[in-house]
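Text of run_19.cif (mmCIF, C-alpha atoms and all ligand atoms) as supplied:
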data_coords
#
loop_
_atom_site.label_atom_id
_atom_site.label_comp_id
_atom_site.auth_asym_id
_atom_site.auth_seq_id
_atom_site.Cartn_x
_atom_site.Cartn_y
_atom_site.Cartn_z
CA MET O 28 159.80 -309.50 -107.45
CA ARG O 29 156.71 -311.50 -106.70
CA TYR O 30 153.90 -311.54 -109.18
CA THR O 31 150.48 -311.50 -107.51
CA SER O 32 147.68 -312.65 -109.75
CA PRO O 33 144.16 -311.32 -109.07
CA MET O 34 143.23 -314.88 -108.05
CA SER O 35 145.53 -314.82 -105.06
CA ALA O 36 142.99 -312.65 -103.26
CA ASN O 37 141.13 -315.92 -102.74
CA PRO O 38 142.88 -317.73 -99.85
CA HIS O 39 141.71 -321.09 -101.19
CA THR O 40 143.47 -320.69 -104.50
CA VAL O 41 146.47 -322.94 -104.52
CA ALA O 42 149.58 -321.11 -105.58
CA VAL O 43 151.12 -323.34 -108.25
CA GLN O 44 154.63 -322.83 -106.96
CA GLU O 45 153.88 -324.23 -103.48
CA VAL O 46 155.48 -327.59 -102.76
CA VAL O 47 152.97 -328.30 -99.99
CA PRO O 48 149.77 -326.30 -100.37
CA GLN O 49 147.51 -325.74 -97.33
CA LEU O 50 144.68 -327.29 -99.33
CA ASP O 51 144.67 -329.09 -102.69
CA LEU O 52 141.18 -329.63 -104.07
CA GLY O 53 142.61 -330.50 -107.49
CA ALA O 54 144.04 -333.78 -106.16
CA GLN O 55 140.55 -334.85 -105.09
CA TYR O 56 138.96 -333.90 -108.41
CA ALA O 57 141.64 -335.82 -110.28
CA ALA O 58 140.62 -338.95 -108.35
CA ILE O 59 136.83 -338.69 -108.63
CA GLY O 60 136.25 -336.43 -111.64
CA GLY O 61 134.75 -339.21 -113.77
CA GLU O 62 132.06 -340.01 -111.22
CA ILE O 63 131.34 -336.33 -110.66
CA ARG O 64 130.83 -335.73 -114.37
CA GLU O 65 128.48 -338.73 -114.55
CA ALA O 66 126.40 -337.34 -111.68
CA VAL O 67 126.25 -333.90 -113.31
CA GLU O 68 125.27 -335.50 -116.64
CA ARG O 69 122.47 -337.41 -114.87
CA VAL O 70 120.99 -334.15 -113.54
CA LEU O 71 121.40 -332.39 -116.88
CA THR O 72 119.63 -335.27 -118.65
CA SER O 73 116.77 -335.15 -116.13
CA GLN O 74 116.40 -331.35 -116.56
CA HIS O 75 115.11 -331.26 -112.98
CA PHE O 76 117.16 -328.66 -111.11
CA ILE O 77 115.33 -327.62 -107.94
CA LEU O 78 113.80 -329.69 -105.12
CA GLY O 79 114.10 -333.05 -106.85
CA SER O 80 115.22 -336.57 -106.03
CA GLU O 81 118.96 -335.80 -105.58
CA GLY O 82 118.32 -333.20 -102.89
CA ALA O 83 115.81 -335.45 -101.13
CA ALA O 84 118.23 -338.39 -101.18
CA LEU O 85 121.08 -336.20 -99.90
CA GLU O 86 118.90 -334.99 -97.02
CA GLN O 87 118.26 -338.57 -95.93
CA GLU O 88 121.89 -339.62 -96.30
CA ILE O 89 123.28 -336.69 -94.31
CA ALA O 90 120.59 -336.95 -91.61
CA LYS O 91 121.47 -340.63 -91.20
CA LEU O 92 125.19 -339.84 -90.91
CA CYS O 93 124.37 -337.32 -88.15
CA ASN O 94 121.96 -339.75 -86.48
CA ALA O 95 119.12 -337.23 -86.94
CA GLN O 96 115.62 -337.80 -88.29
CA HIS O 97 115.31 -334.85 -90.65
CA GLY O 98 117.58 -333.07 -93.10
CA ILE O 99 116.69 -329.89 -94.97
CA ALA O 100 119.09 -328.97 -97.78
CA LEU O 101 119.79 -325.25 -98.08
CA ALA O 102 121.76 -322.78 -100.15
CA SER O 103 124.62 -322.33 -97.63
CA GLY O 104 125.82 -322.93 -94.10
CA THR O 105 125.08 -319.31 -93.26
CA ASP O 106 121.47 -319.77 -94.35
CA ALA O 107 121.36 -322.94 -92.23
CA LEU O 108 122.35 -320.87 -89.17
CA ILE O 109 119.89 -318.08 -89.93
CA LEU O 110 116.98 -320.45 -90.55
CA ALA O 111 117.85 -322.61 -87.53
CA LEU O 112 117.86 -319.51 -85.30
CA ARG O 113 114.55 -318.38 -86.81
CA ALA O 114 113.00 -321.82 -86.31
CA CYS O 115 114.12 -321.63 -82.66
CA GLY O 116 112.14 -318.40 -82.32
CA VAL O 117 115.05 -315.93 -82.29
CA ARG O 118 113.87 -312.42 -83.10
CA GLU O 119 114.99 -308.81 -82.91
CA ARG O 120 116.63 -307.79 -79.63
CA ASP O 121 116.86 -311.39 -78.41
CA GLU O 122 120.23 -312.66 -77.22
CA VAL O 123 122.14 -315.68 -78.50
CA ILE O 124 125.24 -317.04 -76.74
CA LEU O 125 128.19 -318.15 -78.89
CA PRO O 126 131.99 -318.30 -78.78
CA PRO O 127 133.94 -315.30 -80.17
CA PHE O 128 136.59 -317.61 -81.67
CA THR O 129 134.82 -318.83 -84.81
CA PHE O 130 134.18 -317.90 -88.43
CA VAL O 131 132.27 -314.61 -88.59
CA ALA O 132 129.17 -316.32 -90.05
CA THR O 133 128.28 -317.80 -86.65
CA GLY O 134 127.83 -314.26 -85.34
CA SER O 135 126.51 -312.56 -88.45
CA ALA O 136 123.65 -315.09 -88.66
CA VAL O 137 122.56 -313.87 -85.21
CA SER O 138 122.93 -310.24 -86.30
CA ALA O 139 121.00 -310.89 -89.53
CA LEU O 140 117.90 -311.48 -87.39
CA GLY O 141 118.46 -308.29 -85.40
CA ALA O 142 119.44 -310.34 -82.36
CA LYS O 143 122.48 -309.66 -80.17
CA PRO O 144 125.46 -312.02 -80.00
CA VAL O 145 126.59 -312.59 -76.41
CA PHE O 146 130.07 -314.08 -76.27
CA ALA O 147 131.35 -316.87 -74.03
CA ASP O 148 135.11 -317.44 -74.05
CA ILE O 149 136.65 -320.72 -75.19
CA ASN O 150 138.48 -323.51 -73.45
CA PRO O 151 142.07 -322.78 -74.58
CA SER O 152 142.97 -326.43 -75.06
CA THR O 153 140.08 -327.36 -77.38
CA TYR O 154 139.32 -323.89 -78.87
CA ASN O 155 135.62 -324.57 -78.25
CA ILE O 156 133.11 -322.73 -76.06
CA ASP O 157 133.71 -323.22 -72.33
CA PRO O 158 130.50 -324.62 -70.75
CA ALA O 159 131.46 -323.12 -67.37
CA LYS O 160 131.04 -319.62 -68.86
CA LEU O 161 127.42 -320.05 -69.96
CA GLU O 162 125.31 -319.89 -66.83
CA ARG O 163 126.07 -316.30 -65.86
CA LEU O 164 125.48 -315.01 -69.40
CA ILE O 165 121.88 -316.20 -69.54
CA THR O 166 119.29 -313.43 -69.18
CA SER O 167 115.55 -313.17 -69.73
CA ARG O 168 116.33 -312.25 -73.36
CA THR O 169 118.50 -315.31 -74.11
CA ARG O 170 116.85 -317.46 -76.80
CA ALA O 171 119.54 -319.97 -77.85
CA ILE O 172 123.11 -321.17 -77.39
CA ILE O 173 125.33 -321.93 -80.40
CA ALA O 174 128.14 -324.45 -79.89
CA VAL O 175 130.72 -324.44 -82.70
CA HIS O 176 132.69 -327.65 -83.34
CA LEU O 177 135.81 -325.80 -84.45
CA TYR O 178 138.44 -327.40 -86.72
CA GLY O 179 136.57 -330.75 -86.64
CA LEU O 180 136.48 -331.32 -82.87
CA ALA O 181 133.16 -331.41 -81.01
CA ALA O 182 132.45 -328.88 -78.29
CA ASP O 183 131.91 -330.33 -74.78
CA MET O 184 128.21 -330.92 -75.40
CA ASP O 185 126.96 -332.64 -72.21
CA PRO O 186 127.43 -329.67 -69.84
CA ILE O 187 126.26 -327.25 -72.57
CA VAL O 188 123.03 -329.20 -73.08
CA ALA O 189 122.58 -329.51 -69.28
CA VAL O 190 122.77 -325.71 -68.77
CA ALA O 191 120.45 -325.11 -71.75
CA LYS O 192 117.87 -327.73 -70.66
CA ALA O 193 117.66 -326.26 -67.17
CA ARG O 194 116.68 -322.92 -68.75
CA ASN O 195 114.58 -324.45 -71.55
CA LEU O 196 116.91 -323.03 -74.22
CA PRO O 197 117.66 -324.72 -77.56
CA VAL O 198 121.24 -325.67 -78.43
CA ILE O 199 122.29 -325.12 -82.04
CA GLU O 200 125.35 -327.03 -83.25
CA ASP O 201 127.46 -325.15 -85.81
CA ASN O 202 128.78 -328.31 -87.41
CA ALA O 203 130.17 -326.60 -90.52
CA GLN O 204 133.66 -327.94 -89.79
CA ALA O 205 132.95 -331.27 -88.09
CA ILE O 206 130.74 -333.51 -90.22
CA GLY O 207 131.58 -337.10 -89.23
CA ALA O 208 133.03 -336.16 -85.82
CA SER O 209 131.74 -337.73 -82.63
CA TYR O 210 131.45 -336.95 -78.94
CA LYS O 211 131.22 -339.77 -76.39
CA GLY O 212 130.04 -342.16 -79.10
CA ARG O 213 127.44 -339.81 -80.58
CA PRO O 214 127.94 -338.10 -83.95
CA THR O 215 127.95 -334.31 -84.00
CA GLY O 216 124.58 -333.24 -85.32
CA SER O 217 122.48 -335.35 -82.97
CA ILE O 218 123.40 -333.89 -79.59
CA GLY O 219 121.88 -330.39 -79.66
CA ASP O 220 118.39 -329.49 -80.88
CA VAL O 221 119.26 -328.21 -84.35
CA THR O 222 122.48 -328.66 -86.33
CA CYS O 223 123.86 -326.56 -89.16
CA LEU O 224 126.16 -327.91 -91.84
CA SER O 225 128.11 -326.14 -94.57
CA PHE O 226 129.23 -327.78 -97.80
CA TYR O 227 131.37 -324.83 -98.83
CA PRO O 228 133.99 -326.22 -101.26
CA THR O 229 136.81 -326.30 -98.71
CA LYS O 230 134.87 -328.12 -95.97
CA ASN O 231 135.44 -331.85 -95.33
CA LEU O 232 132.41 -332.55 -97.52
CA GLY O 233 132.48 -329.74 -100.07
CA ALA O 234 130.22 -328.95 -103.02
CA TYR O 235 131.33 -327.20 -106.22
CA GLY O 236 129.62 -324.02 -105.09
CA ASP O 237 127.69 -322.93 -102.02
CA ALA O 238 125.53 -325.46 -100.16
CA GLY O 239 124.37 -326.21 -96.63
CA MET O 240 121.90 -328.18 -94.54
CA VAL O 241 120.03 -328.28 -91.25
CA VAL O 242 119.55 -331.61 -89.50
CA THR O 243 117.28 -332.07 -86.49
CA ASN O 244 115.14 -334.58 -84.62
CA SER O 245 112.33 -332.05 -84.27
CA ALA O 246 109.58 -332.57 -86.87
CA GLU O 247 108.32 -329.08 -86.05
CA VAL O 248 111.66 -327.35 -86.68
CA ALA O 249 112.16 -329.39 -89.86
CA ALA O 250 108.75 -328.44 -91.24
CA ARG O 251 109.31 -324.77 -90.43
CA ILE O 252 112.70 -324.67 -92.16
CA ARG O 253 111.29 -326.53 -95.17
CA ASN O 254 108.73 -323.72 -95.51
CA LEU O 255 111.17 -320.91 -94.85
CA ARG O 256 113.60 -322.07 -97.55
CA ASN O 257 110.81 -321.89 -100.13
CA HIS O 258 109.09 -318.53 -99.56
CA GLY O 259 107.11 -319.76 -96.57
CA GLN O 260 104.86 -321.76 -98.89
CA THR O 261 102.86 -324.37 -97.00
CA THR O 262 101.12 -325.38 -100.21
CA LYS O 263 101.96 -324.25 -103.73
CA TYR O 264 101.58 -320.47 -104.05
CA VAL O 265 100.14 -320.14 -100.53
CA SER O 266 102.59 -318.61 -98.05
CA SER O 267 102.03 -318.83 -94.32
CA GLU O 268 104.95 -316.63 -93.29
CA PRO O 269 107.59 -314.51 -94.99
CA GLY O 270 110.43 -316.81 -96.08
CA TRP O 271 112.84 -316.56 -98.93
CA ASN O 272 114.71 -318.73 -101.38
CA SER O 273 117.36 -320.91 -99.82
CA ARG O 274 116.93 -324.12 -101.80
CA LEU O 275 119.90 -326.33 -102.66
CA ASP O 276 120.05 -327.17 -106.36
CA GLU O 277 120.12 -330.68 -107.79
CA LEU O 278 123.56 -330.34 -109.37
CA GLN O 279 125.21 -329.61 -106.02
CA ALA O 280 123.19 -332.35 -104.32
CA ALA O 281 124.25 -334.92 -106.94
CA ILE O 282 127.92 -333.87 -106.58
CA LEU O 283 127.72 -334.07 -102.79
CA ARG O 284 126.20 -337.56 -102.96
CA VAL O 285 129.20 -338.81 -104.94
CA LYS O 286 131.60 -337.22 -102.46
CA LEU O 287 129.68 -338.48 -99.42
CA ARG O 288 130.59 -342.05 -100.34
CA TYR O 289 134.25 -341.14 -100.00
CA LEU O 290 133.90 -339.17 -96.78
CA PRO O 291 134.74 -342.06 -94.38
CA ALA O 292 137.95 -342.89 -96.29
CA TRP O 293 138.89 -339.20 -96.53
CA GLN O 294 138.26 -338.84 -92.81
CA ARG O 295 140.54 -341.78 -92.00
CA ALA O 296 143.23 -340.25 -94.21
CA ARG O 297 142.95 -336.90 -92.39
CA GLN O 298 143.20 -338.68 -89.04
CA ALA O 299 146.26 -340.64 -90.17
CA HIS O 300 147.94 -337.41 -91.35
CA ALA O 301 147.11 -335.77 -88.01
CA ALA O 302 148.68 -338.68 -86.12
CA GLN O 303 151.78 -338.35 -88.28
CA TYR O 304 152.00 -334.59 -87.67
CA THR O 305 151.50 -334.99 -83.92
CA ARG O 306 154.10 -337.74 -83.66
CA ARG O 307 156.68 -335.55 -85.38
CA LEU O 308 155.72 -332.23 -83.74
CA SER O 309 155.66 -333.65 -80.20
CA GLN O 310 159.44 -333.78 -80.40
CA ILE O 311 159.75 -330.06 -81.12
CA PRO O 312 159.68 -327.76 -78.07
CA GLY O 313 157.59 -324.64 -78.53
CA VAL O 314 154.87 -326.29 -80.64
CA LEU O 315 151.51 -327.31 -79.20
CA PRO O 316 149.76 -329.88 -81.42
CA PRO O 317 145.94 -330.15 -81.27
CA ILE O 318 144.54 -331.93 -78.23
CA VAL O 319 141.89 -334.63 -78.64
CA PRO O 320 140.14 -335.32 -75.32
CA ALA O 321 139.28 -338.96 -74.51
CA GLY O 322 135.95 -340.00 -76.00
CA TYR O 323 136.12 -337.52 -78.89
CA GLU O 324 136.67 -338.31 -82.56
CA HIS O 325 138.35 -335.34 -84.27
CA VAL O 326 137.91 -335.15 -88.06
CA PHE O 327 140.69 -332.59 -88.63
CA HIS O 328 138.98 -330.15 -90.94
CA GLN O 329 142.07 -328.23 -89.89
CA TYR O 330 145.24 -329.45 -88.20
CA THR O 331 145.95 -326.43 -86.02
CA ILE O 332 149.02 -325.91 -83.89
CA ARG O 333 149.91 -323.13 -81.45
CA VAL O 334 153.21 -321.28 -81.45
CA GLU O 335 154.16 -318.00 -79.76
CA THR O 336 155.96 -316.72 -82.84
CA ARG O 337 153.07 -317.58 -85.13
CA ASP O 338 153.40 -314.74 -87.65
CA GLU O 339 157.13 -315.40 -88.07
CA LEU O 340 156.52 -319.13 -88.55
CA HIS O 341 153.75 -318.41 -91.05
CA ARG O 342 156.22 -316.30 -93.08
CA ALA O 343 159.04 -318.83 -92.73
CA LEU O 344 156.81 -321.61 -94.07
CA SER O 345 155.67 -319.42 -96.92
CA ASP O 346 159.34 -318.71 -97.80
CA ARG O 347 159.85 -322.48 -98.03
CA LYS O 348 156.78 -322.74 -100.32
CA ILE O 349 154.67 -324.40 -97.64
CA GLY O 350 151.09 -323.21 -97.25
CA SER O 351 149.57 -322.47 -93.84
CA ALA O 352 146.63 -320.37 -92.70
CA VAL O 353 145.31 -318.48 -89.69
CA TYR O 354 141.74 -319.41 -88.71
CA TYR O 355 140.87 -316.87 -87.34
CA PRO O 356 143.07 -313.82 -86.76
CA VAL O 357 140.36 -311.52 -85.29
CA PRO O 358 137.90 -312.85 -82.70
CA LEU O 359 134.30 -311.74 -83.19
CA HIS O 360 134.20 -309.36 -80.20
CA LEU O 361 137.01 -307.31 -81.80
CA GLN O 362 135.52 -307.29 -85.31
CA PRO O 363 134.53 -303.85 -86.66
CA ILE O 364 130.95 -305.13 -87.18
CA TYR O 365 130.65 -305.58 -83.41
CA ALA O 366 132.23 -302.28 -82.34
CA SER O 367 128.79 -301.18 -81.12
CA LEU O 368 128.82 -303.97 -78.51
CA GLY O 369 131.61 -302.06 -76.76
CA HIS O 370 134.03 -304.93 -76.21
CA LYS O 371 137.75 -304.31 -75.73
CA VAL O 372 141.00 -306.27 -75.83
CA GLY O 373 141.17 -308.45 -72.73
CA ASP O 374 137.45 -309.27 -72.57
CA PHE O 375 137.91 -312.83 -73.87
CA PRO O 376 141.59 -313.58 -73.28
CA HIS O 377 141.57 -317.25 -74.35
CA SER O 378 140.03 -316.35 -77.72
CA GLU O 379 142.48 -313.48 -78.16
CA HIS O 380 145.53 -315.62 -77.34
CA ALA O 381 144.32 -318.31 -79.72
CA ALA O 382 143.79 -315.73 -82.48
CA ASN O 383 147.43 -314.63 -82.02
CA GLU O 384 148.98 -318.09 -81.83
CA VAL O 385 147.08 -320.59 -84.01
CA LEU O 386 148.37 -321.80 -87.35
CA SER O 387 146.66 -324.38 -89.53
CA LEU O 388 149.07 -326.63 -91.42
CA PRO O 389 148.46 -328.32 -94.79
CA MET O 390 145.62 -330.82 -94.41
CA TYR O 391 143.67 -332.75 -97.04
CA PRO O 392 143.16 -336.47 -97.63
CA GLU O 393 145.65 -336.71 -100.51
CA LEU O 394 148.52 -335.19 -98.48
CA ARG O 395 151.59 -337.47 -98.53
CA ASP O 396 153.86 -338.51 -95.68
CA ASP O 397 156.90 -336.94 -97.36
CA GLN O 398 155.00 -333.64 -97.53
CA ILE O 399 154.16 -333.87 -93.82
CA ALA O 400 157.82 -334.53 -93.07
CA ARG O 401 158.76 -331.50 -95.13
CA VAL O 402 156.36 -329.32 -93.13
CA THR O 403 157.50 -330.57 -89.71
CA ASP O 404 161.19 -330.34 -90.71
CA ALA O 405 160.63 -326.73 -91.74
CA ILE O 406 158.93 -325.96 -88.40
CA SER O 407 161.76 -327.63 -86.48
CA GLU O 408 164.39 -325.72 -88.45
CA PHE O 409 162.59 -322.42 -87.87
CA LEU O 410 162.17 -322.92 -84.12
CA HIS O 411 165.77 -324.05 -83.64
CA CYS O 412 167.30 -321.09 -85.39
CA GLN O 413 165.27 -318.47 -83.54
C1 LIG O 501 131.98 -322.30 -93.24
C2 LIG O 501 131.38 -321.93 -91.94
C3 LIG O 501 130.12 -321.31 -91.83
C4 LIG O 501 129.36 -320.77 -93.01
O1 LIG O 501 129.09 -321.64 -94.03
P1 LIG O 501 128.86 -321.13 -95.52
O2 LIG O 501 128.40 -322.37 -96.23
O3 LIG O 501 130.16 -320.62 -96.03
O4 LIG O 501 127.80 -320.08 -95.51
C5 LIG O 501 129.60 -321.10 -90.57
N1 LIG O 501 130.27 -321.46 -89.47
C6 LIG O 501 131.50 -322.03 -89.51
C7 LIG O 501 132.18 -322.41 -88.25
C8 LIG O 501 132.10 -322.27 -90.76
O5 LIG O 501 133.32 -322.81 -90.80
#
Mind turning the file's structure into structure tokens?
Amino acid sequence: MRYTSPMSANPHTVAVQEVVPQLDLGAQYAAIGGEIREAVERVLTSQHFILGSEGAALEQEIAKLCNAQHGIALASGTDALILALRACGVRERDEVILPPFTFVATGSAVSALGAKPVFADINPSTYNIDPAKLERLITSRTRAIIAVHLYGLAADMDPIVAVAKARNLPVIEDNAQAIGASYKGRPTGSIGDVTCLSFYPTKNLGAYGDAGMVVTNSAEVAARIRNLRNHGQTTKYVSSEPGWNSRLDELQAAILRVKLRYLPAWQRARQAHAAQYTRRLSQIPGVLPPIVPAGYEHVFHQYTIRVETRDELHRALSDRKIGSAVYYPVPLHLQPIYASLGHKVGDFPHSEHAANEVLSLPMYPELRDDQIARVTDAISEFLHCQ
């Protein structure tokens, strides 16, 4: 019989018995723990916990990485989306266009403002929003378009920005999964009008708690979000509009600054693992490895394959003590929270097929080649004995 600890409800908890976990944050902490503890000690010694020098430095460092002028550190990636939408003027009953194949937060941020998510299906080979679907979804109520860079691969930004510009609409980049990625030589985060980042612990740059950021080249949007994250205060104890508290604390900022120095090396490691996976999986019929279009740099937040017998493969890997995960099994238009929108199965077929066929394999910088071989051998064995 299998013992299920209460912790296993958290999908990010690594089951100790797995020989290749889907994610292993412990390996990273083992490598950089000393530096992390020094950074934490520095903040504790300063006794300055909110809106201090660590947060300000992190904002500059991340903005620079994204080739943007301003960074505003926030409490989470979800808050980044909500505040970015608000700064773009999204209000009740407005419409925001986004892909249905994403983490639910992309949609719930729109709903949090009382606005309506309007879905545009994805391109099935990149899993990102299909620019050709946008034009006919735009109405007089449309206020913004959100492009998600899913799994670490940029959406096709040029045609998205072209459609948006023609209608004077802002483009928001949901860059929660793709920090460090680039599109035609430009880093994600500098192509749309406002970009949202998440530093959730499992992201490519992860804090030890919740954290997020908005980066933008608009001084106006930056100033507005700076106010909104701190009760709308334009000067101390004088509030110009209702905001709330979405400040990032100094401990998380200091931790993120240590990790940021390692991000380029971690990214190269992820890309090397992806190349290794793709080389091995290309020889197995029935498996579709991720596609990286020319001119894109994928940062492999996830290494996601497609297989028709996905659920069976997921179970077979689990039986061999290999972790894998489905991001995401239910597209937004079929989520119970959006039942009132009246969508049905078949409305966004590319998103639905992806939701049924995608499987994300173990991926983290410290993954070893022998572990990758073990995963691909298990996939090959499973597909051959079907
Ligand atoms: C993680 C994530 C978010 C939300 O970020 P949080 O920091 O968890 O609030 C939003 N969108 C996408 C695509 C994500 O992966």
Cut-off 9 Å: closest chain O/ligand LIG 501 (chain O) atom pairs per residue, using all atoms listed in the file, as a Markdown table:
| residue | atom | partner | partner_atom | distance |
| --- | --- | --- | --- | --- |
| O:Ala102 | CA | O:LIG501 | O2 | 7.7 |
| O:Ser103 | CA | O:LIG501 | O2 | 4.0 |
| O:Gly104 | CA | O:LIG501 | O2 | 3.4 |
| O:Thr105 | CA | O:LIG501 | O4 | 3.6 |
| O:Asp106 | CA | O:LIG501 | O4 | 6.4 |
| O:Ala107 | CA | O:LIG501 | O4 | 7.8 |
| O:Leu108 | CA | O:LIG501 | C5 | 7.4 |
| O:Thr129 | CA | O:LIG501 | C7 | 5.6 |
| O:Phe130 | CA | O:LIG501 | C7 | 4.9 |
| O:Val131 | CA | O:LIG501 | N1 | 7.2 |
| O:Ala132 | CA | O:LIG501 | C5 | 4.8 |
| O:Thr133 | CA | O:LIG501 | N1 | 5.0 |
| O:Gly134 | CA | O:LIG501 | N1 | 8.7 |
| O:Ala136 | CA | O:LIG501 | C5 | 8.7 |
| O:Val175 | CA | O:LIG501 | C7 | 6.1 |
| O:His176 | CA | O:LIG501 | C7 | 7.2 |
| O:Leu177 | CA | O:LIG501 | C7 | 6.3 |
| O:Tyr178 | CA | O:LIG501 | O5 | 8.0 |
| O:Asp201 | CA | O:LIG501 | N1 | 5.9 |
| O:Asn202 | CA | O:LIG501 | C7 | 6.9 |
| O:Ala203 | CA | O:LIG501 | C8 | 4.7 |
| O:Gln204 | CA | O:LIG501 | O5 | 5.2 |
| O:Ala205 | CA | O:LIG501 | O5 | 8.9 |
| O:Cys223 | CA | O:LIG501 | C5 | 8.0 |
| O:Leu224 | CA | O:LIG501 | O1 | 7.3 |
| O:Ser225 | CA | O:LIG501 | O2 | 4.1 |
| O:Phe226 | CA | O:LIG501 | O2 | 5.7 |
| O:Tyr227 | CA | O:LIG501 | O2 | 4.7 |
| O:Pro228 | CA | O:LIG501 | O2 | 8.4 |
| O:Thr229 | CA | O:LIG501 | C1 | 8.3 |
| O:Lys230 | CA | O:LIG501 | C1 | 7.0 |
| O:Asp237 | CA | O:LIG501 | O2 | 5.9 |
| O:Ala238 | CA | O:LIG501 | O2 | 5.8 |
| O:Gly239 | CA | O:LIG501 | O2 | 5.6 |
| O:Met240 | CA | O:LIG501 | O2 | 8.9 |
Open item on the list: When you count only C-alpha atoms, which of these residues is closest to O:Asn272: O:Ile364, O:Leu164, O:Leu110, O:Val248?
Closed with: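 When distances to O:Asn272 are compared using only C-alpha atoms, the smallest one comes from O:Leu110.
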Return as AutoDock Vina command-line options the centre and edge lengths, in Å with one decimal, of the box along x, y and z that encloses every atom of stretch 52-63 of chain O in the file, padded by 5 Å per side.
--center_x 137.7 --center_y -334.8 --center_z -108.9 --size_x 22.7 --size_y 20.4 --size_z 19.7
Task: Counting only C-alpha atoms, the option among O:Glu86, O:Asp346, O:Asp396, O:Asp220 closest to O:Arg297 - done: O:Asp396
Task: Pick from O:His300, O:Arg307, O:Lys371, O:His380, whichever lies nearest to O:Val334 using all atoms listed in the file - done: O:His380
Which residues are close to O:Asp185, i.e. within 10 Å by all atoms listed in the file, leaving aside same-chain residues fewer than 6 positions away? Reply as a compact mmCIF listing (two decimals) with C-alpha atoms, keeping the file's coordinate frame.
# COMPACT_ATOMS: atom_id res chain seq x y z
CA PRO O 158 130.50 -324.62 -70.75
CA ALA O 191 120.45 -325.11 -71.75
CA TYR O 210 131.45 -336.95 -78.94
CA LYS O 211 131.22 -339.77 -76.39
CA ILE O 218 123.40 -333.89 -79.59
CA GLY O 219 121.88 -330.39 -79.66
Open item on the list: Ranking O:Leu275, O:Ile349, O:Ile206, O:Glu68 by minimum distance to O:Val326 and counting all atoms listed in the file, which one comes first?
Closed with: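 Smallest distance to O:Val326 is found for O:Ile206.
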Task: Long-range neighbours of O:Ser345 as a ChimeraX atom specification, 10 Å cut-off, all atoms listed in the file, 6 positions minimum in chain - done: /O:45,47-48,339,351
Open item on the list: If I take atom CA of O:Gly79 and atom CA of O:Lys263, how far is one from the other in Å, to one decimal?
Closed with: 15.3 Å
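The spacing separating atom CA of O:Tyr289 from atom CA of O:Ala58 amounts to 10.7 Å.
If you count only C-alpha atoms and ignore residues fewer than 3 places along the chain from O:Arg295, what sits within 12 Å of it is Gly207, Ala208, Asn231, Tyr289, Leu290, Pro291, Ala292, Gln298, Ala299, His300, Ala301, Ala302, Glu324, His325, Val326, Phe327, His328, Tyr391, Pro392 and Glu393 of chain O.
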May I have the residues from that selection written out with C-alpha atoms, as a PDB file, keeping the file's coordinate frame?
ATOM      1  CA  GLY O 207     131.580-337.100 -89.230  1.00  0.00           C
ATOM      2  CA  ALA O 208     133.030-336.160 -85.820  1.00  0.00           C
ATOM      3  CA  ASN O 231     135.440-331.850 -95.330  1.00  0.00           C
ATOM      4  CA  TYR O 289     134.250-341.140-100.000  1.00  0.00           C
ATOM      5  CA  LEU O 290     133.900-339.170 -96.780  1.00  0.00           C
ATOM      6  CA  PRO O 291     134.740-342.060 -94.380  1.00  0.00           C
ATOM      7  CA  ALA O 292     137.950-342.890 -96.290  1.00  0.00           C
ATOM      8  CA  GLN O 298     143.200-338.680 -89.040  1.00  0.00           C
ATOM      9  CA  ALA O 299     146.260-340.640 -90.170  1.00  0.00           C
ATOM     10  CA  HIS O 300     147.940-337.410 -91.350  1.00  0.00           C
ATOM     11  CA  ALA O 301     147.110-335.770 -88.010  1.00  0.00           C
ATOM     12  CA  ALA O 302     148.680-338.680 -86.120  1.00  0.00           C
ATOM     13  CA  GLU O 324     136.670-338.310 -82.560  1.00  0.00           C
ATOM     14  CA  HIS O 325     138.350-335.340 -84.270  1.00  0.00           C
ATOM     15  CA  VAL O 326     137.910-335.150 -88.060  1.00  0.00           C
ATOM     16  CA  PHE O 327     140.690-332.590 -88.630  1.00  0.00           C
ATOM     17  CA  HIS O 328     138.980-330.150 -90.940  1.00  0.00           C
ATOM     18  CA  TYR O 391     143.670-332.750 -97.040  1.00  0.00           C
ATOM     19  CA  PRO O 392     143.160-336.470 -97.630  1.00  0.00           C
ATOM     20  CA  GLU O 393     145.650-336.710-100.510  1.00  0.00           C
TER      21      GLU O 393
END
- [ ] Would you kindly return, as a list in words, each protein, DNA or RNA residue with an atom no farther than 7 Å from any atom of O:Arg120, considering all atoms listed in the file and excluding same-chain residues fewer than 4 positions away?
- [x]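 Answer for this query is Gly141, Ala142 and Lys143 of chain O.
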Open item on the list: What's the separation between atom CA of O:Leu394 and atom CA of O:Leu308, in Å to one decimal place?
Closed with: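 Separating atom CA of O:Leu394 from atom CA of O:Leu308 is a distance of 16.7 Å.
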